Structures are given as C-alpha cells and as structure tokens.
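upload-v1.cif follows; it contains mmCIF, C-alpha atoms.
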data_query
#
loop_
_atom_site.label_atom_id
_atom_site.label_comp_id
_atom_site.auth_asym_id
_atom_site.auth_seq_id
_atom_site.Cartn_x
_atom_site.Cartn_y
_atom_site.Cartn_z
CA MET A 1392 32.24 -2.82 -28.60
CA LYS A 1393 33.93 -6.00 -29.81
CA LYS A 1394 37.30 -4.43 -29.05
CA LEU A 1395 36.15 -3.60 -25.53
CA ILE A 1396 34.91 -7.17 -24.96
CA ASN A 1397 38.27 -8.50 -26.24
CA ILE A 1398 40.21 -6.25 -23.88
CA LEU A 1399 37.88 -7.25 -21.01
CA ASP A 1400 38.41 -10.92 -21.82
CA LYS A 1401 42.19 -10.64 -22.04
CA ARG A 1402 42.51 -8.48 -18.94
CA PHE A 1403 39.59 -10.08 -17.11
CA TYR A 1404 41.37 -10.89 -13.86
CA LEU A 1405 43.22 -7.57 -13.80
CA VAL A 1406 39.83 -5.83 -14.15
CA CYS A 1407 38.41 -7.98 -11.32
CA PHE A 1408 41.25 -7.23 -8.92
CA THR A 1409 41.22 -3.53 -9.80
CA VAL A 1410 37.45 -3.27 -9.24
CA LEU A 1411 37.68 -5.17 -5.95
CA SER A 1412 40.48 -2.88 -4.75
CA GLY A 1413 38.40 0.12 -5.87
CA ILE A 1414 35.46 -1.14 -3.81
CA ALA A 1415 37.73 -1.52 -0.79
CA LEU A 1416 38.89 2.07 -1.22
CA PHE A 1417 35.37 3.45 -1.75
CA ASN A 1418 34.08 1.63 1.33
CA ALA A 1419 37.05 2.88 3.30
CA VAL A 1420 36.56 6.57 2.48
CA ASN A 1421 32.91 6.22 3.44
CA PHE A 1422 34.08 5.12 6.90
CA ILE A 1423 32.72 1.59 6.55
CA GLY A 1424 35.35 0.64 9.13
CA LEU A 1425 33.08 2.16 11.80
CA TRP A 1426 30.21 -0.16 10.95
CA SER A 1427 29.22 -3.17 13.03
CA ASP A 1428 32.22 -5.09 14.40
CA GLY A 1429 34.58 -2.63 12.74
CA ILE A 1430 34.17 -0.02 15.49
CA TYR A 1431 35.18 -2.53 18.17
CA TRP A 1432 38.41 -3.46 16.41
CA LEU A 1433 39.18 0.12 15.52
CA CYS A 1434 38.78 1.37 19.11
CA GLU A 1435 41.33 -1.17 20.29
CA PHE A 1436 43.85 1.29 18.90
CA PHE A 1437 43.22 3.38 22.01
CA ASP A 1438 43.90 0.56 24.45
CA PRO A 1439 47.39 0.18 25.92
CA LYS A 1440 47.36 -3.38 24.58
CA VAL A 1441 45.47 -4.85 21.63
CA HIS A 1442 43.19 -7.68 22.83
CA LEU A 1443 43.63 -10.42 20.33
CA ASP A 1444 41.24 -13.35 20.06
CA HIS A 1445 43.33 -16.45 20.85
CA GLY A 1446 41.47 -18.71 18.44
CA ARG A 1447 41.96 -16.28 15.58
CA LEU A 1448 45.24 -14.82 16.74
CA PHE A 1449 47.12 -14.74 13.43
CA THR A 1450 44.30 -13.37 11.26
CA HIS A 1451 43.64 -10.74 13.92
CA ILE A 1452 47.29 -9.71 13.88
CA ILE A 1453 47.09 -9.32 10.09
CA LEU A 1454 43.82 -7.39 10.23
CA HIS A 1455 45.17 -5.13 12.98
CA PHE A 1456 48.11 -4.26 10.76
CA PRO A 1457 47.11 -0.54 10.32
CA THR A 1458 46.69 -0.23 14.10
CA PHE A 1459 50.12 -1.69 14.76
CA ILE A 1460 51.75 0.59 12.16
CA PHE A 1461 50.02 3.68 13.59
CA LYS A 1462 51.01 2.69 17.12
CA ILE A 1463 54.65 2.10 16.14
CA LEU A 1464 54.85 5.40 14.25
CA ASP A 1465 52.85 7.19 16.98
CA ILE A 1466 50.37 8.60 14.46
CA ASN A 1467 47.06 9.80 15.94
CA ASN A 1468 45.27 10.90 12.76
CA LEU A 1469 41.79 9.42 13.25
CA ASN A 1470 40.63 10.05 9.67
CA LEU A 1471 43.58 8.20 8.24
CA LEU A 1472 43.28 5.37 10.76
CA VAL A 1473 39.57 4.80 10.00
CA ILE A 1474 40.21 4.83 6.24
CA LEU A 1475 43.19 2.48 6.43
CA HIS A 1476 41.36 0.18 8.84
CA GLY A 1477 38.34 -0.05 6.49
CA PHE A 1478 40.49 -0.46 3.38
CA TRP A 1479 42.69 -3.17 4.82
CA SER A 1480 39.75 -5.23 6.12
CA TYR A 1481 38.59 -5.59 2.49
CA ALA A 1482 41.92 -5.46 0.69
CA SER A 1483 43.59 -8.24 2.73
CA THR A 1484 41.37 -10.89 1.12
CA VAL A 1485 41.75 -9.30 -2.32
CA LEU A 1486 45.49 -9.70 -1.78
CA CYS A 1487 44.90 -13.42 -1.17
CA LEU A 1488 43.09 -13.66 -4.52
CA ILE A 1489 45.97 -11.93 -6.28
CA ILE A 1490 48.42 -14.37 -4.66
CA ILE A 1491 46.25 -17.29 -5.82
CA TYR A 1492 46.35 -15.95 -9.38
CA LEU A 1493 50.12 -15.42 -9.29
CA THR A 1494 50.87 -18.87 -7.86
CA LEU A 1495 48.80 -20.71 -10.46
CA PRO A 1496 50.80 -22.12 -13.40
CA LYS A 1497 50.51 -20.11 -16.63
CA ASP A 1498 48.22 -22.61 -18.37
CA LYS A 1499 45.95 -22.95 -15.33
CA LYS A 1500 45.27 -19.29 -14.50
CA ASP A 1501 41.57 -19.68 -15.35
CA TRP A 1502 41.05 -21.92 -12.31
CA VAL A 1503 41.10 -18.73 -10.25
CA VAL A 1504 37.43 -18.35 -11.27
CA PHE A 1505 36.42 -20.64 -8.40
CA PRO A 1506 38.04 -18.65 -5.58
CA LEU A 1507 36.73 -15.48 -7.24
CA LEU A 1508 33.17 -16.82 -7.42
CA SER A 1509 33.37 -18.08 -3.85
CA TYR A 1510 34.74 -14.73 -2.68
CA LEU A 1511 32.09 -12.69 -4.50
CA ILE A 1512 29.15 -14.79 -3.25
CA CYS A 1513 30.44 -14.57 0.34
CA MET A 1514 31.15 -10.85 0.05
CA ILE A 1515 27.81 -9.97 -1.53
CA PHE A 1516 25.94 -11.59 1.33
CA THR A 1517 28.19 -11.13 4.33
CA SER A 1518 30.80 -8.43 3.74
CA TYR A 1519 29.00 -5.81 5.84
CA TYR A 1520 29.55 -7.80 8.97
CA ILE A 1521 32.86 -5.96 8.48
CA PHE A 1522 35.59 -7.69 10.36
CA HIS A 1523 36.98 -10.01 7.79
CA ASP A 1524 38.77 -12.80 9.63
CA SER A 1525 36.49 -15.43 8.11
CA HIS A 1526 36.95 -14.01 4.58
CA LEU A 1527 40.70 -13.92 5.10
CA THR A 1528 40.67 -17.55 6.30
CA ALA A 1529 38.78 -18.57 3.16
CA GLY A 1530 41.44 -16.72 1.13
CA LEU A 1531 44.20 -18.68 2.88
CA PHE A 1532 42.31 -21.90 2.26
CA TRP A 1533 42.21 -21.18 -1.48
CA ILE A 1534 45.93 -20.33 -1.63
CA ILE A 1535 46.87 -23.66 -0.01
CA LEU A 1536 44.36 -25.74 -1.98
CA LEU A 1537 45.32 -24.40 -5.40
CA ILE A 1538 49.05 -24.76 -4.74
CA TYR A 1539 48.54 -28.40 -3.71
CA LEU A 1540 46.21 -29.08 -6.63
CA PHE A 1541 47.87 -27.33 -9.53
CA SER A 1542 51.56 -26.93 -8.80
CA ASP A 1543 53.95 -29.52 -10.10
CA LEU A 1544 55.48 -30.54 -6.76
CA THR A 1545 58.61 -31.88 -8.47
CA LYS A 1546 59.38 -28.42 -9.91
CA ILE A 1547 57.66 -26.14 -7.42
CA SER A 1548 59.49 -22.83 -6.90
CA PHE A 1549 60.73 -21.65 -3.53
CA GLU A 1550 58.41 -18.59 -3.74
CA LYS A 1551 55.35 -20.82 -4.04
CA LEU A 1552 56.55 -23.00 -1.20
CA LEU A 1553 57.02 -19.90 0.89
CA CYS A 1554 53.44 -18.78 0.11
CA LEU A 1555 52.23 -22.25 1.04
CA LEU A 1556 54.14 -22.25 4.32
CA ILE A 1557 53.03 -18.75 5.31
CA ALA A 1558 49.37 -19.47 4.47
CA SER A 1559 49.36 -22.81 6.30
CA PHE A 1560 51.12 -21.25 9.31
CA ILE A 1561 48.56 -18.41 9.55
CA SER A 1562 45.78 -20.99 9.25
CA ILE A 1563 46.87 -22.55 12.57
CA ARG A 1564 45.02 -19.77 14.38
CA ALA A 1565 42.82 -18.20 11.75
CA TYR A 1566 39.13 -19.02 12.19
CA GLN A 1567 37.01 -21.93 13.32
CA THR A 1568 36.20 -22.80 9.69
CA MET A 1569 39.68 -24.34 9.48
CA LEU A 1570 38.22 -27.28 11.41
CA PHE A 1571 36.57 -28.30 8.13
CA PHE A 1572 39.08 -26.79 5.69
CA SER A 1573 42.22 -28.39 7.09
CA PRO A 1574 41.18 -32.08 6.68
CA LEU A 1575 40.33 -31.41 3.03
CA LEU A 1576 43.63 -29.60 2.47
CA LEU A 1577 45.55 -32.40 4.17
CA PHE A 1578 43.78 -35.01 2.05
CA VAL A 1579 44.55 -33.19 -1.21
CA GLY A 1580 48.13 -32.31 -0.25
CA ILE A 1581 49.17 -35.67 1.18
CA THR A 1582 47.52 -37.66 -1.65
CA LYS A 1583 49.46 -35.69 -4.24
CA TRP A 1584 52.69 -35.76 -2.22
CA ILE A 1585 52.59 -39.57 -1.78
CA LYS A 1586 52.38 -40.01 -5.56
CA VAL A 1587 55.44 -37.91 -6.32
CA LYS A 1588 57.51 -37.82 -3.13
CA ASN A 1589 60.30 -39.98 -4.58
CA ASN A 1590 60.86 -37.46 -7.38
CA ILE A 1591 60.99 -34.42 -5.11
CA ASN A 1592 64.21 -32.97 -3.73
CA LEU A 1593 64.88 -33.06 0.02
CA ARG A 1594 64.25 -29.37 0.65
CA THR A 1595 60.83 -29.44 -1.03
CA ASN A 1596 59.93 -32.67 0.79
CA ILE A 1597 60.78 -31.12 4.16
CA LEU A 1598 58.88 -27.90 3.43
CA LEU A 1599 55.81 -29.82 2.24
CA ILE A 1600 55.86 -31.96 5.39
CA ILE A 1601 56.10 -28.78 7.48
CA SER A 1602 53.02 -27.42 5.70
CA PHE A 1603 51.17 -30.65 6.59
CA ILE A 1604 52.23 -30.28 10.23
CA PHE A 1605 50.91 -26.70 10.26
CA LEU A 1606 47.58 -27.93 8.88
CA ILE A 1607 47.35 -30.67 11.53
CA ALA A 1608 48.02 -27.98 14.16
CA SER A 1609 45.34 -25.85 12.49
CA PHE A 1610 42.83 -28.71 12.83
CA ILE A 1611 43.67 -29.23 16.52
CA TYR A 1612 43.46 -25.51 17.38
CA SER A 1613 40.25 -25.03 15.39
CA TYR A 1614 38.69 -28.03 17.11
CA TYR A 1615 39.67 -26.66 20.52
CA TYR A 1616 38.33 -23.17 19.83
CA THR A 1617 35.14 -24.48 18.26
CA VAL A 1618 34.40 -26.62 21.30
CA ASN A 1619 35.58 -23.83 23.65
CA PRO A 1620 34.63 -20.63 21.81
CA THR A 1621 36.11 -17.42 23.21
CA GLN A 1622 33.38 -15.14 21.89
CA TYR A 1623 30.43 -17.02 20.52
CA ASN A 1624 28.20 -19.90 21.47
CA MET A 1625 28.06 -22.93 19.22
CA ASN A 1626 24.37 -22.31 18.52
CA GLU A 1627 25.26 -18.97 16.89
CA TYR A 1628 26.97 -20.94 14.13
CA THR A 1629 24.19 -23.48 13.75
CA ASN A 1630 21.48 -20.79 13.87
CA SER A 1631 22.96 -19.09 10.85
CA PHE A 1632 22.01 -22.12 8.73
CA HIS A 1633 18.40 -20.92 8.99
CA ALA A 1634 19.27 -17.74 7.07
CA LEU A 1635 20.10 -19.86 4.04
CA LYS A 1636 16.41 -20.71 3.65
CA SER A 1637 15.86 -17.19 2.31
CA THR A 1638 13.91 -17.35 -0.94
CA TYR A 1639 16.19 -14.79 -2.50
CA PHE A 1640 19.30 -16.80 -1.67
CA ILE A 1641 17.78 -20.06 -2.97
CA PHE A 1642 16.84 -18.38 -6.29
CA PHE A 1643 20.30 -16.88 -6.52
CA ILE A 1644 22.03 -20.25 -6.09
CA VAL A 1645 19.64 -22.23 -8.31
CA ALA A 1646 19.88 -19.73 -11.17
CA GLY A 1647 23.68 -19.68 -10.88
CA ILE A 1648 23.94 -23.49 -10.93
CA LEU A 1649 21.52 -23.79 -13.87
CA THR A 1650 23.58 -21.29 -15.87
CA ILE A 1651 26.72 -23.35 -15.32
CA ILE A 1652 25.37 -26.86 -15.92
CA SER A 1653 22.91 -26.21 -18.76
CA LYS A 1654 23.98 -27.27 -22.21
CA ASN A 1655 20.84 -26.03 -23.92
CA ILE A 1656 21.38 -22.43 -25.01
CA TYR A 1657 17.77 -21.40 -24.21
CA ILE A 1658 17.99 -22.76 -20.66
CA VAL A 1659 21.31 -20.95 -20.25
CA PHE A 1660 19.67 -17.69 -21.34
CA ILE A 1661 16.63 -18.19 -19.11
CA SER A 1662 18.69 -19.08 -16.05
CA MET A 1663 21.09 -16.22 -16.76
CA PHE A 1664 18.11 -13.87 -17.05
CA LEU A 1665 16.76 -15.19 -13.74
CA PHE A 1666 20.19 -14.74 -12.18
CA ILE A 1667 20.36 -11.13 -13.41
CA ALA A 1668 16.79 -10.49 -12.17
CA VAL A 1669 17.61 -11.80 -8.69
CA ASN A 1670 20.73 -9.64 -8.59
CA ILE A 1671 18.81 -6.54 -9.68
CA LYS A 1672 16.22 -7.24 -6.97
CA PHE A 1673 19.04 -7.43 -4.44
CA ILE A 1674 20.46 -4.13 -5.67
CA LEU A 1675 17.06 -2.42 -5.51
CA ASN A 1676 16.34 -3.85 -2.10
CA ASN A 1677 19.82 -3.63 -0.72
CA ASN A 1678 18.82 -3.08 2.90
CA LEU A 1679 18.57 -6.89 2.82
CA ILE A 1680 22.33 -6.67 3.33
CA LEU A 1681 21.69 -5.71 6.94
CA ILE A 1682 19.66 -8.85 7.54
CA TYR A 1683 22.02 -11.17 5.69
CA ALA A 1684 25.37 -9.73 6.76
CA ASN A 1685 25.44 -11.25 10.22
CA ASN A 1686 23.12 -14.22 9.76
CA MET A 1687 24.83 -15.65 6.71
CA ARG A 1688 28.42 -15.71 7.93
CA ILE A 1689 28.21 -19.52 7.73
CA LEU A 1690 28.58 -18.98 3.94
CA ASN A 1691 32.31 -18.48 4.47
CA LEU A 1692 32.45 -22.15 5.37
CA ILE A 1693 29.88 -23.63 3.00
CA ILE A 1694 30.67 -21.84 -0.25
CA PRO A 1695 34.47 -22.43 -0.27
CA LEU A 1696 33.88 -26.10 0.65
CA ILE A 1697 31.35 -26.61 -2.15
CA PHE A 1698 33.59 -24.93 -4.71
CA ALA A 1699 36.62 -26.85 -3.44
CA VAL A 1700 34.86 -30.18 -3.94
CA LEU A 1701 33.70 -29.00 -7.39
CA ILE A 1702 37.21 -27.93 -8.41
CA ILE A 1703 38.65 -31.31 -7.30
CA CYS A 1704 35.95 -33.21 -9.22
CA LEU A 1705 36.46 -31.10 -12.35
CA LYS A 1706 40.23 -31.41 -12.25
CA TYR A 1707 40.19 -35.20 -12.09
CA SER A 1708 37.21 -35.69 -14.43
CA THR A 1709 37.20 -35.71 -18.22
CA LEU A 1710 34.54 -32.99 -18.27
CA ASN A 1711 35.41 -29.84 -20.14
CA THR A 1712 35.32 -26.85 -17.77
CA GLU A 1713 33.68 -23.92 -19.54
CA PHE A 1714 35.50 -21.05 -17.90
CA ARG A 1715 33.64 -18.48 -20.02
CA LYS A 1716 30.39 -19.28 -18.22
CA TYR A 1717 32.08 -18.85 -14.86
CA LYS A 1718 33.62 -15.61 -16.06
CA ALA A 1719 30.18 -14.37 -17.16
CA LEU A 1720 28.78 -15.11 -13.69
CA ILE A 1721 31.76 -13.39 -12.05
CA PHE A 1722 31.22 -10.36 -14.26
CA LEU A 1723 27.55 -10.15 -13.18
CA LEU A 1724 28.42 -10.65 -9.52
CA LEU A 1725 31.13 -8.02 -9.77
CA ILE A 1726 28.57 -5.52 -11.07
CA THR A 1727 26.15 -6.44 -8.25
CA PHE A 1728 28.86 -6.19 -5.61
CA THR A 1729 30.09 -2.86 -6.98
CA ILE A 1730 26.64 -1.23 -7.13
CA ASN A 1731 25.62 -2.68 -3.76
CA SER A 1732 28.83 -1.51 -2.14
CA PHE A 1733 28.49 1.97 -3.58
CA LEU A 1734 24.86 2.27 -2.51
CA PHE A 1735 25.36 0.70 0.87
CA SER A 1736 28.50 2.51 1.95
CA THR A 1737 27.04 5.83 0.80
CA LYS A 1738 23.97 5.13 2.94
CA ILE A 1739 26.14 4.16 5.88
CA ASN A 1740 28.05 7.41 5.50
CA MET A 1741 24.72 9.28 5.55
CA TYR A 1742 23.67 7.30 8.61
CA PHE A 1743 26.81 8.41 10.46
CA ARG A 1744 26.26 11.98 9.32
CA ASP A 1745 22.69 11.90 10.72
CA MET A 1746 23.98 10.34 13.89
CA SER A 1747 26.52 13.13 14.37
CA THR A 1748 23.82 15.77 13.76
CA TYR A 1749 21.57 14.05 16.29
CA LEU A 1750 24.34 14.00 18.88
CA ARG A 1751 25.18 17.65 18.26
CA GLU A 1752 21.55 18.59 18.79
CA ASN A 1753 21.04 16.32 21.80
CA ILE A 1754 23.81 17.31 24.16
CA GLY A 1755 24.51 14.99 27.07
CA ILE A 1756 23.97 11.31 27.69
CA SER A 1757 21.17 9.96 25.54
CA ASN A 1758 19.35 6.91 26.71
CA VAL A 1759 19.47 4.29 24.00
CA SER A 1760 15.91 3.13 24.65
CA ASN A 1761 14.66 6.60 23.67
CA LEU A 1762 16.76 6.46 20.54
CA LEU A 1763 15.69 3.05 19.33
CA PRO A 1764 12.84 4.31 17.13
CA PHE A 1765 15.25 6.83 15.58
CA TYR A 1766 17.87 4.16 14.83
CA ARG A 1767 15.39 1.61 13.57
CA LYS A 1768 14.08 4.21 11.16
CA LYS A 1769 17.60 5.10 10.05
CA GLN A 1770 18.70 1.47 9.74
CA ALA A 1771 15.60 0.64 7.71
CA SER A 1772 16.49 3.46 5.35
CA CYS A 1773 19.91 1.85 4.87
CA MET B 716 25.65 -4.10 17.69
CA ASP B 717 25.74 -3.95 21.47
CA ILE B 718 25.44 -0.85 23.64
CA ASN B 719 29.20 -0.70 24.28
CA SER B 720 30.03 -0.49 20.57
CA LEU B 721 27.22 1.99 19.98
CA PHE B 722 28.72 4.14 22.74
CA GLU B 723 32.15 4.04 21.07
CA GLN B 724 30.64 4.63 17.63
CA SER B 725 28.88 7.76 18.92
CA ILE B 726 32.20 9.19 20.17
CA ILE B 727 34.21 8.46 17.00
CA VAL B 728 31.41 9.68 14.70
CA GLN B 729 31.29 13.03 16.52
CA ILE B 730 35.04 13.51 16.22
CA LEU B 731 35.08 12.59 12.53
CA TYR B 732 31.98 14.39 11.34
CA ASN B 733 31.56 17.40 13.61
CA ASN B 734 35.11 18.72 13.23
CA ARG B 735 34.99 20.04 16.77
CA ASN B 736 37.26 19.50 19.69
CA ILE B 737 34.44 18.85 22.11
CA ILE B 738 32.41 15.69 22.66
CA ASP B 739 28.92 16.90 23.54
CA GLY B 740 26.78 13.84 23.33
CA ILE B 741 27.01 10.10 23.66
CA ILE B 742 24.56 7.28 23.36
CA LEU B 743 24.36 5.16 26.44
CA SER B 744 21.65 3.06 28.03
CA GLU B 745 22.94 3.34 31.58
CA LEU B 746 26.40 3.44 32.97
CA SER B 747 26.14 0.12 34.77
CA THR B 748 25.69 -1.67 31.44
CA LEU B 749 28.95 -0.28 30.08
CA GLU B 750 31.97 -2.53 30.39
CA LYS B 751 34.60 -0.96 32.65
CA TYR B 752 37.42 -1.17 30.13
CA ARG B 753 35.26 0.76 27.64
CA ILE B 754 35.22 3.71 30.06
CA VAL B 755 39.03 3.51 30.26
CA ARG B 756 39.10 3.34 26.48
CA TYR B 757 36.79 6.36 26.27
CA ASN B 758 39.20 8.39 28.38
CA ASN B 759 42.10 7.17 26.24
CA ILE B 760 40.31 8.31 23.07
CA ILE B 761 39.78 11.79 24.49
CA ASN B 762 43.37 12.08 25.72
CA LYS B 763 45.11 10.56 22.71
CA LEU B 764 43.20 12.70 20.20
CA ASN B 765 43.53 15.85 22.34
CA LYS B 766 39.77 16.35 22.62
CA PHE B 767 37.62 17.75 25.40
CA SER B 768 34.50 16.11 26.67
CA ASN B 769 31.48 17.60 28.34
CA ILE B 770 30.36 14.11 29.28
CA ILE B 771 31.40 12.88 32.69
CA LEU B 772 31.31 9.17 33.27
CA HIS B 773 31.69 7.98 36.84
#
Translate this file's structure into structure tokens.
Amino acid sequence: MKKLINILDKRFYLVCFTVLSGIALFNAVNFIGLWSDGIYWLCEFFDPKVHLDHGRLFTHIILHFPTFIFKILDINNLNLLVILHGFWSYASTVLCLIIIYLTLPKDKKDWVVFPLLSYLICMIFTSYYIFHDSHLTAGLFWIILLIYLFSDLTKISFEKLLCLLIASFISIRAYQTMLFFSPLLLFVGITKWIKVKNNINLRTNILLIISFIFLIASFIYSYYYTVNPTQYNMNEYTNSFHALKSTYFIFFIVAGILTIISKNIYIVFISMFLFIAVNIKFILNNNLILIYANNMRILNLIIPLIFAVLIICLKYSTLNTEFRKYKALIFLLLITFTINSFLFSTKINMYFRDMSTYLRENIGISNVSNLLPFYRKKQASC
Amino acid sequence: MDINSLFEQSIIVQILYNNRNIIDGIILSELSTLEKYRIVRYNNIINKLNKFSNIILH
C-alpha cells in the first residue's frame, strides 16, 4: 500500500493526465459528442462550409479540427467522426494542462495543481454542456499566466516563447471570458517584463511585446463580442450567477476551502470528510449534472480568476504552499469526475439507444409536443 | 436543446444505433419551426452517408 502511495505521489501528474485522457476516450466512445451543443457542431460537417462563430473563431477552428481533417481526407465514417469529435472536445483542454506542466520550470512543477483544480471543478459542474470553447479558453489563460509568472524571462527558451505566442494569439478570438482574463494577464506579464527588460535579449523582448499586443487585441475583441454577442444575450451570462446559489455547490466550495486553509488536523479531517460526503452525494445524484451543466458555465470565468489571484498572492507571499493538500483535493475530484463521467456517459448512451428504438417503432414525423413526457422521463433517469 | 438540434440528433442517432440504411423516423415539432439550412443539412447528411430516407420534408 505504501509502495502504491509512493508511486502515486511520484507519478501524480502523469496519473492525472492519463485518467483525464481516459475519461475523454470513454465519453467519446459513448457518443457524448452527440449530446447538447455537440450535435450542432458535429452536424456542421455536412454543410458545404463550416459556420464559425466570429467571436470565438480560433477556439472553434481548433475544436473543429476532426471535422476539417475528415473533410480534407474525404472520410465519411460517421462512427469515427462522432468518436473523434467527442474525444477532441475533452482532450484539447487536457492538452493545455499537459503544456502547462511541461512549460513550468523543474522546481515549480507543483504549481500545476491550481490549473488542475480549476479544470476539475469547472469540468465536474459544466463539462456536459459539451462544446468546450470556454474550457479551452481557460486552458489558454493558464498557459499564458504560468509562463509569465514562473519562467525566468532572461533565460526563457524559444519553445516556451512559442507556446506563449500561440496561446496569446488564439486568445484574441477565443471566448468572451478573455475580457476579464486578458487585463490580469497583461498586468502580470508587463509588471514582470518591466523589472527585467534590460537583461533580456532583443528577440525575447520583441516576442514578449508581441504577446502583449495579442492580449490587448484579445481584450478589444472580447469587449466587442460581449457587448455585441453573436449567439447569446448578455442576461444569459448574468443569469447563470443564480445557479451558484445551489446548496450543494456552496457546501462543495466551503469544504474545499476549509480543507486547504485549516491548520488544525481535526478541522482538516472534518472538512475533508464533508468534502468527500458532498462529492459522494453528487455521484449518487448525478442527474444534477443536467441542471448544472448549462447554468453554471459562468464557472469557467470565476474559478480560473479566483485561482489566478490565489496563485499570484501565494507566489509573492512568504506563506508556505502545502501542495500535498491540493493534491489530495485533486485526487478526490479526479475520482468524482471519473465516476460521474462513467455513470453519466453510460446513461447518455442508453438514452440514445432508447431514442433510436423509439424512432424505429414510431415511423414518420413525430411531433415533439407528444414526445415531451417521454423525453422528460428519460432525461430525469439520466 | 432546441427543436432543430433535436431533429438532427434523431437522424444521427438512427444511423449510428439502428445500423440500417433507411431513416424511418424523425422528431420534429412542425416544419415551419425548422431553420431552412437545417433542411439542406438534412439532405446533405442523407446524401453524404449514402442513406435513404422515408421522411419527406417540403
């Protein structure tokens, strides 16, 4: 047992990334890509042109990657397309986390716990909204922030600069959350750059300035598309704040915070126990996912911002960051996310199976109003 | 999920799960509520995947 814990501790992040990739694959083979918004984006494959959202142009291009590949290669295998579409919508953000880990200096790898925690909280509550442009934008935000914060700009490698430039370029047209992310990134980046700019070579200086320009462009575009949304009304964003009043969510956050900040071992145990209990309740009652998934998408703005401020405070404070506590929380969240994903995507697969049986038995055009009781019953069972 | 996406979901689900070449049923409130480009898309799905449909949308 001790040996297993040691291996888990040493290979903690490898385990995390492997499990997250496994979840992406499991969801994909259960045709999660057909769920909610996923079906809309998938069916674009059959249009002569893919209709990309102008405000989120670059993230949409990335997330449509399987569609583009299939179109270029003229492959019409629907099974493969649905699986790849579902897998990539989850795996693209996992790839961001892996990049974050790789770009962190060797002695600062543990700081990846914050993006991981942020990712897991957002995914547990909102991942079944399916189309992951907001998750991907949060991933880009973390890549840029951690490079600015933890890389020694006087010795920064070209590979890291390239990651920084690509991430900040994509963020120009990624998601409206960049309206809030980009000022923070600019503040962190420029503050650090001003301190060391005289010791940095010309090439690095130019590339860093370009990354700042991209982030300014990101702010301008995000502002424009927030004020003039192409798909949603502003009140859809503000309404989602109400979902955060959920008792379950409040307990979840309070127990998590108590676990981290408590010094007293008994309080740590009690809050950890409460945290586990809340997670188990969520697993047992996982049709809550359906209620939360859409309503809580605002989390992809709030959670990364809160963790970003925390990470900045911790880095510049004299406080000792107890990464083991964060790792313990990540481990618990990983279990919750894994079980929830397995249960939920299996149920979704069953839902589609029932739907296909229904359609086979009810030949012709079915009026949706007659089907509503059927679907409500099926959705409730999810 | 709006009616247009439900309509598309019902087509794709049949192709994936029923392993048949024929689309027999779709879920639709009424044709006037369906966006026009979704009907074009529907025809594209049938043609591109070499399927037959017993559903006629005017």
**OP:** Kindly determine which residues of chain B lie within 9 Å of chain A, considering all atoms listed in the file, and give the answer as JSON, numbers by chain.
**Re:** {"B": [716, 718, 719, 720, 721, 723, 724, 725, 727, 728, 729, 730, 731, 732, 733, 738, 739, 740, 741, 742, 743, 744, 745, 752, 755, 756, 757, 759, 760, 763, 764, 769, 770]}
Subject >> Point (41.9, -12.8, 9.9), cut-off 6 Å, counting only C-alpha atoms, residues as number ranges by chain >> reply: A: 1450-1451, 1454, 1524, 1527, 1565
Subject >> Point-to-point distance in Å for CA of Leu1493 in chain A and CA of Phe1610 in chain A >> reply: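 Atom-to-atom, CA of Phe1610 in chain A to CA of Leu1493 in chain A, that is 26.8 Å.
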**OP:** Would you work out the distance separating CA of Ala1558 in chain A from CA of Gly1530 in chain A, expressed in Å to one decimal?
**Re:**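 CA of Ala1558 in chain A sits 9.0 Å away from CA of Gly1530 in chain A.
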Subject >> Length of the CA of Asn1596 in chain A to CA of Cys1704 in chain A vector [Å] >> reply: 26.0 Å
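Nearest residue to Arg753 in chain B among B:Ile737, B:Asp717, B:Ser768, B:Phe722 is B:Phe722, counting all atoms listed in the file.
The nearest approach to Leu1540 in chain A among the residues A:Ile1512, A:Phe1571, A:Arg1564, A:Ala1699, with only C-alpha atoms taken into account, belongs to A:Ala1699.
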**OP:** Using the chain letters and numbering of this document, enumerate as a PyMOL selection string the residues selected by the PyMOL selection byres ((chain A and resi 1445) around 12).
**Re:** chain A and resi 1441-1444+1446-1452+1563-1567+1612-1613+1615-1617+1619-1622
Subject >> Leu746 in chain B surroundings by only C-alpha atoms, 9 Å radius, close-in-sequence under 3 positions cut, as a VMD selection string >> reply: chain B and resid 743 749 to 750 772 to 773
Original post:
At most 12 Å from (42.2, -21.2, -14.5), file frame, only C-alpha atoms: which residues, as JSON, numbers by chain?
Top reply: {"A": [1403, 1404, 1491, 1492, 1493, 1494, 1495, 1496, 1497, 1498, 1499, 1500, 1501, 1502, 1503, 1504, 1505, 1506, 1507, 1537, 1540, 1541, 1702, 1705, 1706, 1712, 1713, 1714, 1715, 1717, 1718]}
Original post:
Care to translate the PyMOL selection byres ((chain A and resi 1407) around 10) into actual residues of this file, as a list in words?
Top reply: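 Selection result, ordered by chain and number: Leu1399, Arg1402, Phe1403, Tyr1404, Leu1405, Val1406, Phe1408, Thr1409, Val1410, Leu1411, Ser1412, Gly1413, Val1485, Ile1489, Leu1507, Ile1721, Phe1722 and Leu1725 of chain A.
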